[in-house]
file query-v4.txt (compact mmCIF, C-alpha atoms and all ligand atoms)
# COMPACT_ATOMS: atom_id res chain seq x y z
CA MET A 13 -5.71 21.39 25.16
CA ARG A 14 -9.18 21.38 23.61
CA GLU A 15 -10.35 18.00 22.35
CA ARG A 16 -11.70 17.93 18.81
CA ARG A 17 -13.68 14.70 18.31
CA ILE A 18 -13.95 13.63 14.69
CA GLY A 19 -16.37 10.99 13.43
CA ILE A 20 -14.80 8.49 11.00
CA LEU A 21 -17.07 6.14 9.12
CA MET A 22 -14.95 3.07 8.37
CA ASN A 23 -16.25 0.84 5.57
CA GLY A 24 -14.88 -2.61 4.72
CA VAL A 25 -13.48 -2.81 8.19
CA THR A 26 -14.05 -6.53 8.66
CA GLY A 27 -11.47 -7.23 5.94
CA ARG A 28 -7.78 -7.94 6.36
CA MET A 29 -6.55 -4.38 5.84
CA GLY A 30 -9.54 -2.61 7.37
CA ALA A 31 -9.50 -4.59 10.62
CA ASN A 32 -5.79 -5.00 11.22
CA GLN A 33 -3.92 -2.07 9.72
CA HIS A 34 -6.53 0.68 9.76
CA LEU A 35 -8.79 -0.02 12.72
CA MET A 36 -6.67 -1.84 15.30
CA ARG A 37 -3.15 -0.62 14.45
CA SER A 38 -4.03 2.94 13.42
CA ILE A 39 -7.29 4.37 14.79
CA VAL A 40 -7.31 2.34 18.01
CA GLU A 41 -3.64 3.15 18.62
CA ILE A 42 -4.31 6.87 18.04
CA ILE A 43 -7.13 6.73 20.62
CA ARG A 44 -4.88 4.82 23.03
CA GLN A 45 -2.09 7.41 22.72
CA GLY A 46 -4.58 10.21 23.51
CA GLY A 47 -5.22 11.53 20.00
CA VAL A 48 -3.20 13.64 17.57
CA GLN A 49 -2.08 17.23 18.24
CA ALA A 50 -2.82 19.82 15.55
CA GLY A 51 -3.49 23.55 15.50
CA GLY A 52 -3.67 23.78 19.29
CA GLU A 53 -6.25 20.98 19.49
CA THR A 54 -6.19 17.28 20.22
CA ILE A 55 -7.89 15.37 17.44
CA MET A 56 -9.71 12.34 18.83
CA PRO A 57 -11.09 9.84 16.31
CA VAL A 58 -14.56 8.43 16.90
CA PRO A 59 -14.90 5.44 14.58
CA VAL A 60 -18.19 4.02 13.31
CA LEU A 61 -17.84 0.57 11.78
CA ALA A 62 -19.71 -0.13 8.54
CA GLY A 63 -20.09 -3.36 6.63
CA ARG A 64 -22.57 -5.84 5.27
CA SER A 65 -22.91 -8.03 8.35
CA GLU A 66 -23.71 -6.78 11.83
CA GLU A 67 -22.74 -10.22 13.12
CA ARG A 68 -19.17 -9.68 11.91
CA LEU A 69 -19.00 -6.03 12.96
CA ARG A 70 -20.05 -6.53 16.60
CA PRO A 71 -17.05 -8.62 17.71
CA LEU A 72 -14.78 -6.08 16.07
CA ALA A 73 -16.49 -3.27 17.99
CA ASP A 74 -15.95 -5.29 21.18
CA ARG A 75 -12.25 -5.65 20.36
CA VAL A 76 -12.02 -1.86 19.97
CA ALA A 77 -13.75 -1.33 23.33
CA GLU A 78 -11.40 -3.80 25.00
CA ALA A 79 -8.32 -2.15 23.51
CA THR A 80 -9.35 1.45 24.28
CA GLY A 81 -11.17 0.86 27.56
CA GLY A 82 -14.11 2.85 26.17
CA GLU A 83 -17.56 2.12 24.79
CA PRO A 84 -17.74 -0.11 21.69
CA PRO A 85 -18.02 2.00 18.52
CA ARG A 86 -21.36 2.16 16.73
CA VAL A 87 -21.80 -0.39 13.93
CA THR A 88 -24.01 -0.07 10.88
CA THR A 89 -24.96 -1.93 7.73
CA ASP A 90 -26.57 1.19 6.25
CA ILE A 91 -23.57 2.74 4.54
CA ALA A 92 -25.54 5.41 2.67
CA GLY A 93 -27.34 6.52 5.86
CA ALA A 94 -24.09 6.56 7.82
CA ILE A 95 -22.33 8.69 5.18
CA ALA A 96 -25.21 11.18 5.28
CA ASP A 97 -25.08 11.33 9.10
CA PRO A 98 -23.62 14.74 10.10
CA ALA A 99 -21.52 12.95 12.75
CA SER A 100 -19.43 11.27 10.00
CA GLU A 101 -16.86 13.88 9.02
CA ILE A 102 -14.46 11.46 7.36
CA VAL A 103 -15.45 8.50 5.18
CA PHE A 104 -12.84 5.76 4.94
CA ASP A 105 -13.01 2.79 2.59
CA ALA A 106 -11.00 -0.44 2.71
CA SER A 107 -13.52 -2.63 0.93
CA THR A 108 -12.58 -4.43 -2.26
CA THR A 109 -11.34 -2.26 -5.14
CA GLN A 110 -14.44 -2.77 -7.29
CA HIS A 111 -16.76 -1.41 -4.59
CA ARG A 112 -14.66 1.67 -3.82
CA PRO A 113 -16.05 4.04 -6.54
CA ARG A 114 -19.57 3.95 -5.07
CA VAL A 115 -18.29 4.88 -1.61
CA ILE A 116 -16.09 7.67 -3.00
CA GLU A 117 -19.03 9.10 -4.96
CA MET A 118 -21.35 8.99 -1.94
CA ALA A 119 -18.72 10.75 0.24
CA ALA A 120 -18.19 13.46 -2.39
CA GLU A 121 -21.92 13.98 -2.79
CA ALA A 122 -22.32 14.35 0.98
CA GLY A 123 -19.32 16.73 1.15
CA LYS A 124 -17.34 14.46 3.51
CA ALA A 125 -13.56 14.16 3.61
CA LEU A 126 -12.58 10.89 1.94
CA TYR A 127 -9.66 8.57 2.67
CA CYS A 128 -9.32 5.16 1.06
CA GLU A 129 -7.17 2.18 0.28
CA LYS A 130 -5.36 1.75 -3.01
CA PRO A 131 -5.99 1.05 -5.83
CA ILE A 132 -8.76 3.66 -6.06
CA ALA A 133 -10.25 1.96 -9.12
CA THR A 134 -9.54 -0.81 -11.60
CA THR A 135 -9.04 1.46 -14.65
CA LEU A 136 -7.24 4.75 -15.14
CA ALA A 137 -10.31 6.38 -16.69
CA GLU A 138 -12.34 5.53 -13.60
CA ALA A 139 -9.55 6.66 -11.25
CA LEU A 140 -9.30 10.05 -12.99
CA ARG A 141 -13.08 10.40 -12.98
CA LEU A 142 -13.16 9.78 -9.21
CA ALA A 143 -10.34 12.27 -8.61
CA ALA A 144 -12.32 14.86 -10.59
CA VAL A 145 -15.51 14.07 -8.64
CA CYS A 146 -13.67 14.74 -5.36
CA GLU A 147 -12.02 17.89 -6.70
CA SER A 148 -15.21 19.39 -8.08
CA SER A 149 -17.07 18.74 -4.85
CA GLY A 150 -14.18 20.39 -2.96
CA ILE A 151 -13.73 17.57 -0.42
CA LYS A 152 -10.38 16.76 1.16
CA ASN A 153 -9.29 13.40 -0.20
CA GLY A 154 -6.46 10.97 0.25
CA VAL A 155 -5.21 7.51 -0.67
CA VAL A 156 -3.13 5.09 1.40
CA HIS A 157 0.57 5.29 0.41
CA ASP A 158 1.73 3.26 3.42
CA LYS A 159 5.08 1.97 2.11
CA LEU A 160 6.48 5.53 2.24
CA TRP A 161 6.50 5.28 6.05
CA LEU A 162 8.16 1.87 6.30
CA PRO A 163 11.28 2.31 8.46
CA GLY A 164 13.46 0.58 5.83
CA LEU A 165 12.28 2.95 3.12
CA LEU A 166 12.58 6.01 5.37
CA LYS A 167 16.22 5.03 5.96
CA LEU A 168 16.70 4.62 2.20
CA ARG A 169 15.19 8.03 1.57
CA GLY A 170 17.56 9.53 4.19
CA LEU A 171 20.55 8.02 2.34
CA ILE A 172 19.39 9.56 -0.94
CA GLU A 173 18.91 12.96 0.71
CA ARG A 174 22.44 12.78 2.13
CA GLY A 175 23.90 11.94 -1.30
CA PHE A 176 25.21 8.58 -0.03
CA PHE A 177 24.89 6.81 -3.39
CA GLY A 178 26.75 9.31 -5.56
CA ARG A 179 25.01 8.78 -8.89
CA ILE A 180 22.23 6.20 -8.63
CA LEU A 181 22.74 3.54 -11.31
CA SER A 182 19.99 1.00 -10.75
CA ILE A 183 17.23 -0.15 -8.39
CA ARG A 184 16.04 -3.71 -7.83
CA GLY A 185 12.90 -4.54 -5.87
CA ASP A 186 12.05 -8.08 -4.91
CA PHE A 187 8.61 -8.57 -3.39
CA GLY A 188 6.64 -11.66 -2.52
CA TYR A 189 6.20 -14.88 -0.66
CA TRP A 190 4.32 -18.14 -1.13
CA VAL A 191 0.54 -17.71 -0.89
CA PHE A 192 -0.87 -21.17 -0.40
CA SER A 193 -3.42 -22.27 -2.99
CA GLY A 194 -5.59 -24.02 -0.39
CA HIS A 195 -5.10 -27.50 -1.86
CA ASP A 196 -3.27 -28.63 1.28
CA ALA A 197 -5.84 -28.84 4.09
CA GLU A 198 -3.27 -27.81 6.71
CA GLN A 199 -2.20 -24.69 4.75
CA PRO A 200 -5.19 -22.39 4.17
CA PRO A 201 -4.64 -19.48 1.75
CA GLN A 202 -3.39 -16.32 3.49
CA ARG A 203 -5.09 -13.90 1.10
CA PRO A 204 -8.72 -13.44 -0.04
CA SER A 205 -9.77 -15.36 -3.16
CA TRP A 206 -10.84 -12.21 -5.07
CA ASN A 207 -7.11 -11.37 -5.32
CA TYR A 208 -6.79 -14.19 -7.87
CA ARG A 209 -9.86 -13.36 -10.00
CA ALA A 210 -9.46 -10.64 -12.65
CA GLU A 211 -13.25 -10.27 -12.88
CA ASP A 212 -13.30 -9.27 -9.17
CA GLY A 213 -10.51 -6.68 -9.42
CA GLY A 214 -7.72 -9.08 -8.41
CA GLY A 215 -4.19 -9.51 -9.75
CA ILE A 216 -0.75 -8.75 -8.39
CA ILE A 217 -0.18 -5.96 -10.94
CA SER A 218 -3.23 -3.95 -9.86
CA ASP A 219 -2.24 -4.59 -6.25
CA MET A 220 1.51 -3.94 -6.32
CA TYR A 221 2.28 -1.58 -9.21
CA CYS A 222 0.29 1.11 -7.33
CA HIS A 223 2.79 0.74 -4.53
CA TRP A 224 5.81 0.68 -6.85
CA ARG A 225 4.61 3.89 -8.48
CA TYR A 226 4.52 5.96 -5.32
CA VAL A 227 7.69 4.34 -3.97
CA LEU A 228 9.53 5.25 -7.19
CA ASP A 229 8.07 8.76 -7.25
CA GLY A 230 8.30 9.43 -3.51
CA VAL A 231 11.67 7.88 -2.67
CA PHE A 232 13.63 8.19 -5.93
CA GLY A 233 11.70 10.70 -8.07
CA ASP A 234 13.58 13.83 -6.98
CA VAL A 235 16.96 12.49 -8.07
CA CYS A 236 16.14 9.88 -10.74
CA GLY A 237 13.10 11.48 -12.38
CA PRO A 238 9.64 10.04 -12.98
CA VAL A 239 8.80 6.65 -14.49
CA THR A 240 8.95 7.28 -18.23
CA ARG A 241 8.45 3.80 -19.73
CA LEU A 242 8.01 0.22 -18.71
CA ALA A 243 8.15 -3.37 -19.82
CA SER A 244 6.27 -6.00 -17.88
CA TRP A 245 5.42 -9.69 -17.87
CA ALA A 246 2.41 -11.09 -16.04
CA ASN A 247 1.68 -14.74 -15.44
CA VAL A 248 -0.89 -16.98 -13.78
CA ASP A 249 1.48 -19.41 -12.10
CA LEU A 250 -1.13 -21.44 -10.18
CA PRO A 251 -4.22 -21.82 -12.40
CA GLU A 252 -6.47 -23.21 -9.67
CA ARG A 253 -6.95 -22.09 -6.07
CA ILE A 254 -9.45 -22.86 -3.29
CA ASP A 255 -11.83 -20.15 -2.08
CA GLU A 256 -13.17 -19.23 1.39
CA GLN A 257 -15.95 -21.84 1.04
CA GLY A 258 -13.46 -24.61 0.26
CA LYS A 259 -14.43 -24.69 -3.43
CA ALA A 260 -11.89 -24.84 -6.26
CA TYR A 261 -11.97 -21.88 -8.66
CA PRO A 262 -9.94 -20.98 -11.75
CA ALA A 263 -7.38 -18.24 -11.03
CA THR A 264 -7.92 -15.68 -13.80
CA ALA A 265 -5.62 -12.95 -12.47
CA GLU A 266 -1.82 -13.02 -12.59
CA ASP A 267 -0.08 -14.08 -9.38
CA SER A 268 3.41 -13.09 -10.54
CA ALA A 269 4.67 -10.10 -12.49
CA TYR A 270 8.09 -8.87 -13.53
CA ALA A 271 8.67 -5.27 -14.53
CA MET A 272 11.37 -2.93 -15.72
CA PHE A 273 10.55 0.71 -15.00
CA LEU A 274 12.79 3.32 -16.60
CA LEU A 275 13.22 6.42 -14.41
CA GLY A 276 14.03 9.55 -16.38
CA ASN A 277 16.29 8.51 -19.25
CA SER A 278 18.70 6.15 -17.63
CA VAL A 279 17.96 4.63 -14.21
CA MET A 280 16.51 1.13 -14.42
CA ALA A 281 14.20 0.01 -11.60
CA GLN A 282 13.45 -3.66 -11.91
CA PHE A 283 10.67 -5.07 -9.71
CA ASN A 284 9.68 -8.71 -9.22
CA SER A 285 6.28 -9.23 -7.59
CA SER A 286 5.16 -12.76 -6.85
CA TRP A 287 2.80 -14.74 -4.64
CA CYS A 288 4.46 -17.90 -5.92
CA THR A 289 7.97 -17.53 -4.61
CA ARG A 290 9.74 -18.80 -1.52
CA VAL A 291 11.71 -16.26 0.46
CA ARG A 292 15.50 -16.44 0.74
CA ARG A 293 16.28 -12.76 1.17
CA ASP A 294 16.29 -10.36 4.09
CA ASP A 295 12.58 -9.56 4.03
CA LEU A 296 9.26 -9.88 2.15
CA LEU A 297 10.22 -6.77 0.22
CA THR A 298 13.83 -5.83 -0.42
CA ILE A 299 14.99 -2.92 -2.53
CA GLN A 300 18.62 -2.78 -3.59
CA VAL A 301 20.02 0.51 -4.84
CA ASP A 302 23.42 0.61 -6.52
CA GLY A 303 25.27 3.89 -6.88
CA THR A 304 28.75 5.02 -7.84
CA GLU A 305 29.70 5.70 -4.19
CA GLY A 306 27.81 2.92 -2.44
CA SER A 307 24.87 0.52 -2.37
CA ALA A 308 22.03 -0.16 0.02
CA VAL A 309 19.50 -2.92 0.58
CA ALA A 310 16.32 -1.88 2.37
CA GLY A 311 13.76 -4.26 3.83
CA LEU A 312 10.56 -3.37 5.67
CA ARG A 313 12.41 -2.22 8.79
CA GLU A 314 16.14 -2.55 8.20
CA CYS A 315 18.49 -1.02 5.69
CA CYS A 316 22.15 -2.00 5.14
CA VAL A 317 24.79 -0.12 3.22
CA GLN A 318 28.10 -0.94 1.57
CA THR A 319 30.41 1.92 0.68
CA ARG A 320 32.82 2.04 -2.23
CA SER A 321 35.74 1.37 0.13
CA ASP A 322 33.97 -1.66 1.69
CA THR A 323 33.22 -3.21 -1.71
CA PRO A 324 34.84 -6.68 -2.05
CA ARG A 325 36.80 -7.88 -5.09
CA PRO A 326 35.31 -11.29 -5.89
CA VAL A 327 36.96 -13.75 -8.27
CA TRP A 328 34.84 -16.15 -10.35
CA ASN A 329 36.02 -19.64 -9.45
CA PRO A 330 33.37 -22.35 -9.09
CA ASP A 331 36.05 -24.97 -8.45
CA ILE A 332 36.54 -23.88 -4.86
CA PRO A 333 34.07 -22.85 -2.14
CA GLN A 334 33.22 -19.17 -2.20
CA ALA A 335 35.87 -17.39 -0.14
CA ILE A 336 33.84 -14.27 0.54
CA ASP A 337 30.84 -14.01 2.83
CA PHE A 338 28.93 -11.44 0.85
CA TYR A 339 26.78 -10.55 3.85
CA GLU A 340 29.86 -9.18 5.57
CA GLY A 341 30.94 -5.72 4.55
CA TRP A 342 27.41 -4.33 4.94
CA THR A 343 26.60 -1.93 7.76
CA PRO A 344 23.10 -1.43 9.17
CA VAL A 345 21.75 2.12 8.98
CA GLU A 346 20.97 3.34 12.48
CA PRO A 347 17.38 4.47 13.09
CA GLU A 348 16.97 8.24 13.13
CA ALA A 349 13.68 8.14 15.01
CA ALA A 350 11.25 5.79 16.72
CA TYR A 351 9.27 4.60 13.74
CA ASP A 352 5.51 4.24 14.00
CA ASN A 353 3.24 1.86 12.10
CA ALA A 354 3.27 3.09 8.49
CA PHE A 355 -0.54 3.15 8.15
CA LYS A 356 -0.91 5.00 11.45
CA ALA A 357 1.70 7.58 10.44
CA GLN A 358 -0.28 8.43 7.31
CA TRP A 359 -3.61 8.44 9.22
CA GLU A 360 -2.21 11.07 11.58
CA LEU A 361 -1.22 13.25 8.63
CA PHE A 362 -4.67 12.89 7.09
CA LEU A 363 -6.37 13.83 10.36
CA ARG A 364 -4.18 16.94 10.59
CA HIS A 365 -5.00 17.73 6.98
CA VAL A 366 -8.75 17.54 7.65
CA VAL A 367 -8.78 19.39 10.96
CA ALA A 368 -5.87 21.85 10.70
CA ASP A 369 -5.52 22.10 6.92
CA GLU A 370 -1.94 20.77 6.99
CA PRO A 371 -0.59 19.66 3.58
CA PHE A 372 -1.41 16.16 2.36
CA PRO A 373 -0.14 15.55 -1.18
CA TRP A 374 -1.33 11.91 -1.43
CA SER A 375 -4.67 12.72 -3.05
CA LEU A 376 -6.86 10.61 -5.32
CA ARG A 377 -5.13 12.25 -8.28
CA GLU A 378 -1.81 10.92 -6.97
CA GLY A 379 -3.46 7.55 -6.42
CA ALA A 380 -4.54 7.56 -10.07
CA LYS A 381 -0.86 7.42 -11.08
CA GLY A 382 -0.61 3.98 -9.48
CA VAL A 383 -3.66 2.78 -11.39
CA GLN A 384 -2.06 4.15 -14.56
CA LEU A 385 1.12 2.15 -13.96
CA ALA A 386 -0.89 -1.01 -13.32
CA GLU A 387 -2.96 -0.55 -16.46
CA LEU A 388 0.14 0.08 -18.57
CA GLY A 389 1.87 -2.89 -16.94
CA LEU A 390 -0.92 -5.19 -18.07
CA ARG A 391 -0.83 -3.65 -21.53
CA ALA A 392 2.95 -4.03 -21.84
CA SER A 393 2.59 -7.67 -20.87
CA SER A 394 -0.20 -8.50 -23.30
CA GLU A 395 1.45 -6.57 -26.17
CA ARG A 396 4.95 -7.86 -25.28
CA ALA A 397 6.14 -4.27 -25.71
CA TRP A 398 7.83 -1.34 -24.02
CA VAL A 399 5.15 1.21 -23.18
CA ASP A 400 5.56 4.95 -22.53
CA VAL A 401 4.15 6.35 -19.28
CA PRO A 402 2.64 9.72 -20.16
CA GLU A 403 2.43 12.43 -17.54
CA LEU A 404 -1.14 12.68 -16.21
CA SER A 405 -2.63 16.08 -16.85
N1 LIG B 501 -2.00 -0.81 1.43
C1 LIG B 501 -1.71 -2.09 1.35
O1 LIG B 501 -0.60 -2.51 1.59
C2 LIG B 501 -2.79 -3.08 0.95
C3 LIG B 501 -2.55 -4.45 1.13
C4 LIG B 501 -3.55 -5.35 0.78
C5 LIG B 501 -4.77 -4.88 0.26
N2 LIG B 501 -4.94 -3.55 0.08
C6 LIG B 501 -6.19 -3.02 -0.49
O2 LIG B 501 -7.18 -2.99 0.53
C7 LIG B 501 -8.44 -3.36 0.03
C8 LIG B 501 -9.01 -4.52 0.86
O3 LIG B 501 -8.16 -5.64 0.73
P1 LIG B 501 -8.21 -6.82 1.81
O4 LIG B 501 -7.03 -7.67 1.53
O5 LIG B 501 -8.41 -6.28 3.16
O6 LIG B 501 -9.52 -7.59 1.32
P2 LIG B 501 -10.56 -8.44 2.19
O7 LIG B 501 -11.27 -9.30 1.22
O8 LIG B 501 -9.89 -9.05 3.37
O9 LIG B 501 -11.55 -7.33 2.77
C9 LIG B 501 -12.49 -6.69 1.94
C10 LIG B 501 -13.56 -6.00 2.78
O10 LIG B 501 -14.54 -5.50 1.85
C11 LIG B 501 -15.83 -6.01 2.20
N3 LIG B 501 -16.59 -6.27 0.98
C12 LIG B 501 -16.39 -7.26 0.09
N4 LIG B 501 -17.34 -7.22 -0.85
C13 LIG B 501 -18.14 -6.18 -0.55
C14 LIG B 501 -19.31 -5.65 -1.13
N5 LIG B 501 -19.89 -6.21 -2.18
N6 LIG B 501 -19.88 -4.56 -0.56
C15 LIG B 501 -19.32 -4.01 0.54
N7 LIG B 501 -18.22 -4.48 1.14
C16 LIG B 501 -17.65 -5.57 0.61
C17 LIG B 501 -15.54 -7.29 2.98
O11 LIG B 501 -16.64 -7.62 3.81
C18 LIG B 501 -14.30 -6.90 3.75
O12 LIG B 501 -14.66 -6.16 4.89
C19 LIG B 501 -8.23 -3.70 -1.43
O13 LIG B 501 -8.61 -2.62 -2.26
C20 LIG B 501 -6.76 -3.93 -1.56
O14 LIG B 501 -6.24 -3.58 -2.82
C21 LIG B 501 -3.98 -2.65 0.42

call {"tool": "encode", "arguments": {"input": "query-v4.txt", "output": "structure tokens", "more": "lines below"}}
Ligand SMILES: NC(=O)c1ccc[n+]([C@@H]2O[C@H](COP(=O)([O-])OP(=O)(O)OC[C@H]3O[C@@H](n4cnc5c(N)ncnc54)[C@H](O)[C@@H]3O)[C@@H](O)[C@H]2O)c1
result
Amino acid sequence: MRERRIGILMNGVTGRMGANQHLMRSIVEIIRQGGVQAGGETIMPVPVLAGRSEERLRPLADRVAEATGGEPPRVTTDIAGAIADPASEIVFDASTTQHRPRVIEMAAEAGKALYCEKPIATTLAEALRLAAVCESSGIKNGVVHDKLWLPGLLKLRGLIERGFFGRILSIRGDFGYWVFSGHDAEQPPQRPSWNYRAEDGGGIISDMYCHWRYVLDGVFGDVCGPVTRLASWANVDLPERIDEQGKAYPATAEDSAYAMFLLGNSVMAQFNSSWCTRVRRDDLLTIQVDGTEGSAVAGLRECCVQTRSDTPRPVWNPDIPQAIDFYEGWTPVEPEAAYDNAFKAQWELFLRHVVADEPFPWSLREGAKGVQLAELGLRASSERAWVDVPELS
């Protein structure tokens, strides 16, 4: 089969998401598996690593060479020059949210296909403007919607398609874990400090409501309808954190948020998102769905179900130890396939979209819906009000 090499300029690749999920677990793995088949060709990614510091890019390039057994990819600190280079057919951005618009605009101007992390911008107006810029320049464009390919959520989606739940009554998502503030020397923070500064595009609402939007639309939308209104509460739980230089800074962005999203007219999807919670549940994200015929709890990989006939009949009696083990009576959903890394799965679809014109509905305009939900979530919280979610034209 003919090999079709495709140059991918990867910006922000020294960061957490860029290095781990996109470069090492997606692009490198695609190279290692021998590319992606599409339209009678084998698409072979050729990454170029872009960032602000050559010193930080070089070791990453060496890691790629070691993992693929090939030459280290080219590195550059000249992002504008690299976007203009005819060898870059795809521009990818995983830098911080505030820097994304400039990269998107440069890619559109140069007529390059554009793929990027979410959120695409910090305001809805900016997100819609960027979607329009891509559309008017006619470039193929896409946004990371990784949670749609989590094995647990794929199993959940399969249950919905098979009508397992009967009528879906409610959805409850619980996301989060403890992100250390940095005050304990032996427990450095696990996330970058900009996440906790509103002025730098941080905040758990901007980060997570984008995900909740496409999960609600993509997994539940067909049967429950779109998100029509929401109520939300945002809070700065830990007002001071320690940055990468060991300096204390005031946390100005919320690190916990609690939302009720109404789907259609009647299905309530309640989502807790917190970086200040300790986990005592099956996984870092769990989504429980209750329906007339059965319920399910999905985590990142696993999904368990309880049918109507397996449903226990508990009796409220705090005077004696609980007689029922509520974890019994749930059955794991068997995998239907060998699941790949969620980011890699979407990368493969984007590569096929660019090379073989296969459909890819997760465009910047779709990504703007997540930014809309985040913006409305912050508004609902500050106004202490239910807010309508208008359809985006
Ligand atoms: N899909 C997901 O599940 C997911 C999860 C976490 C973060 N994200 C998104 O990914 C993006 C990156 O997040 P992260 O956690 O990897 O952050 P990070 O801070 O670890 O990495 C940010 C990257 O951007 C670069 N950068 C920072 N300032 C820059 C500037 N002024 N100019 C150019 N480059 C600059 C950094 O050098 C680094 O390479 C964010 O937009 C975030 O919302 C997505």

call {"tool": "atom_distance", "arguments": {"input": "query-v4.txt", "atom1": "CA of Arg364 (chain A)", "atom2": "CA of Ala99 (chain A)"}}
result
17.9 Å

call {"tool": "residues_near_ligand", "arguments": {"input": "query-v4.txt", "ligand": "ligand LIG 501 (chain B)", "cutoff": "9 Å", "atoms": "all atoms listed in the file", "output": "ChimeraX atom specification"}}
result
/A:23-33,62-65,68,91,105-112,128-133,156-159,203-207,213-214,218-220,223,355

call {"tool": "write_last_selection", "arguments": {"input": "query-v4.txt", "atoms": "C-alpha atoms", "output": "PDB file, keeping the file's coordinate frame"}}
result
ATOM      1  CA  ASN A  23     -16.250   0.840   5.570  1.00  0.00           C
ATOM      2  CA  GLY A  24     -14.880  -2.610   4.720  1.00  0.00           C
ATOM      3  CA  VAL A  25     -13.480  -2.810   8.190  1.00  0.00           C
ATOM      4  CA  THR A  26     -14.050  -6.530   8.660  1.00  0.00           C
ATOM      5  CA  GLY A  27     -11.470  -7.230   5.940  1.00  0.00           C
ATOM      6  CA  ARG A  28      -7.780  -7.940   6.360  1.00  0.00           C
ATOM      7  CA  MET A  29      -6.550  -4.380   5.840  1.00  0.00           C
ATOM      8  CA  GLY A  30      -9.540  -2.610   7.370  1.00  0.00           C
ATOM      9  CA  ALA A  31      -9.500  -4.590  10.620  1.00  0.00           C
ATOM     10  CA  ASN A  32      -5.790  -5.000  11.220  1.00  0.00           C
ATOM     11  CA  GLN A  33      -3.920  -2.070   9.720  1.00  0.00           C
ATOM     12  CA  ALA A  62     -19.710  -0.130   8.540  1.00  0.00           C
ATOM     13  CA  GLY A  63     -20.090  -3.360   6.630  1.00  0.00           C
ATOM     14  CA  ARG A  64     -22.570  -5.840   5.270  1.00  0.00           C
ATOM     15  CA  SER A  65     -22.910  -8.030   8.350  1.00  0.00           C
ATOM     16  CA  ARG A  68     -19.170  -9.680  11.910  1.00  0.00           C
ATOM     17  CA  ILE A  91     -23.570   2.740   4.540  1.00  0.00           C
ATOM     18  CA  ASP A 105     -13.010   2.790   2.590  1.00  0.00           C
ATOM     19  CA  ALA A 106     -11.000  -0.440   2.710  1.00  0.00           C
ATOM     20  CA  SER A 107     -13.520  -2.630   0.930  1.00  0.00           C
ATOM     21  CA  THR A 108     -12.580  -4.430  -2.260  1.00  0.00           C
ATOM     22  CA  THR A 109     -11.340  -2.260  -5.140  1.00  0.00           C
ATOM     23  CA  GLN A 110     -14.440  -2.770  -7.290  1.00  0.00           C
ATOM     24  CA  HIS A 111     -16.760  -1.410  -4.590  1.00  0.00           C
ATOM     25  CA  ARG A 112     -14.660   1.670  -3.820  1.00  0.00           C
ATOM     26  CA  CYS A 128      -9.320   5.160   1.060  1.00  0.00           C
ATOM     27  CA  GLU A 129      -7.170   2.180   0.280  1.00  0.00           C
ATOM     28  CA  LYS A 130      -5.360   1.750  -3.010  1.00  0.00           C
ATOM     29  CA  PRO A 131      -5.990   1.050  -5.830  1.00  0.00           C
ATOM     30  CA  ILE A 132      -8.760   3.660  -6.060  1.00  0.00           C
ATOM     31  CA  ALA A 133     -10.250   1.960  -9.120  1.00  0.00           C
ATOM     32  CA  VAL A 156      -3.130   5.090   1.400  1.00  0.00           C
ATOM     33  CA  HIS A 157       0.570   5.290   0.410  1.00  0.00           C
ATOM     34  CA  ASP A 158       1.730   3.260   3.420  1.00  0.00           C
ATOM     35  CA  LYS A 159       5.080   1.970   2.110  1.00  0.00           C
ATOM     36  CA  ARG A 203      -5.090 -13.900   1.100  1.00  0.00           C
ATOM     37  CA  PRO A 204      -8.720 -13.440  -0.040  1.00  0.00           C
ATOM     38  CA  SER A 205      -9.770 -15.360  -3.160  1.00  0.00           C
ATOM     39  CA  TRP A 206     -10.840 -12.210  -5.070  1.00  0.00           C
ATOM     40  CA  ASN A 207      -7.110 -11.370  -5.320  1.00  0.00           C
ATOM     41  CA  GLY A 213     -10.510  -6.680  -9.420  1.00  0.00           C
ATOM     42  CA  GLY A 214      -7.720  -9.080  -8.410  1.00  0.00           C
ATOM     43  CA  SER A 218      -3.230  -3.950  -9.860  1.00  0.00           C
ATOM     44  CA  ASP A 219      -2.240  -4.590  -6.250  1.00  0.00           C
ATOM     45  CA  MET A 220       1.510  -3.940  -6.320  1.00  0.00           C
ATOM     46  CA  HIS A 223       2.790   0.740  -4.530  1.00  0.00           C
ATOM     47  CA  PHE A 355      -0.540   3.150   8.150  1.00  0.00           C
TER      48      PHE A 355
END

call {"tool": "closest_residue", "arguments": {"input": "query-v4.txt", "among": "A:Val60, A:Ala263, A:Leu275, A:Val191", "to": "Cys288 (chain A)", "atoms": "all atoms listed in the file"}}
result
A:Val191

call {"tool": "closest_atom_pairs", "arguments": {"input": "query-v4.txt", "of": "region 155-255 of chain A", "to": "region 326-347 of chain A", "cutoff": "12 Å", "atoms": "all atoms listed in the file", "output": "JSON lines"}}
result
{"residue": "A:Leu162", "atom": "CA", "partner": "A:Pro347", "partner_atom": "CA", "distance": 11.7}
{"residue": "A:Pro163", "atom": "CA", "partner": "A:Pro347", "partner_atom": "CA", "distance": 8.0}
{"residue": "A:Gly164", "atom": "CA", "partner": "A:Val345", "partner_atom": "CA", "distance": 9.0}
{"residue": "A:Leu165", "atom": "CA", "partner": "A:Val345", "partner_atom": "CA", "distance": 11.2}
{"residue": "A:Leu166", "atom": "CA", "partner": "A:Pro347", "partner_atom": "CA", "distance": 9.2}
{"residue": "A:Lys167", "atom": "CA", "partner": "A:Val345", "partner_atom": "CA", "distance": 6.9}
{"residue": "A:Leu168", "atom": "CA", "partner": "A:Val345", "partner_atom": "CA", "distance": 8.8}
{"residue": "A:Arg169", "atom": "CA", "partner": "A:Val345", "partner_atom": "CA", "distance": 11.5}
{"residue": "A:Gly170", "atom": "CA", "partner": "A:Val345", "partner_atom": "CA", "distance": 9.8}
{"residue": "A:Leu171", "atom": "CA", "partner": "A:Val345", "partner_atom": "CA", "distance": 9.0}
{"residue": "A:Phe176", "atom": "CA", "partner": "A:Val345", "partner_atom": "CA", "distance": 11.6}
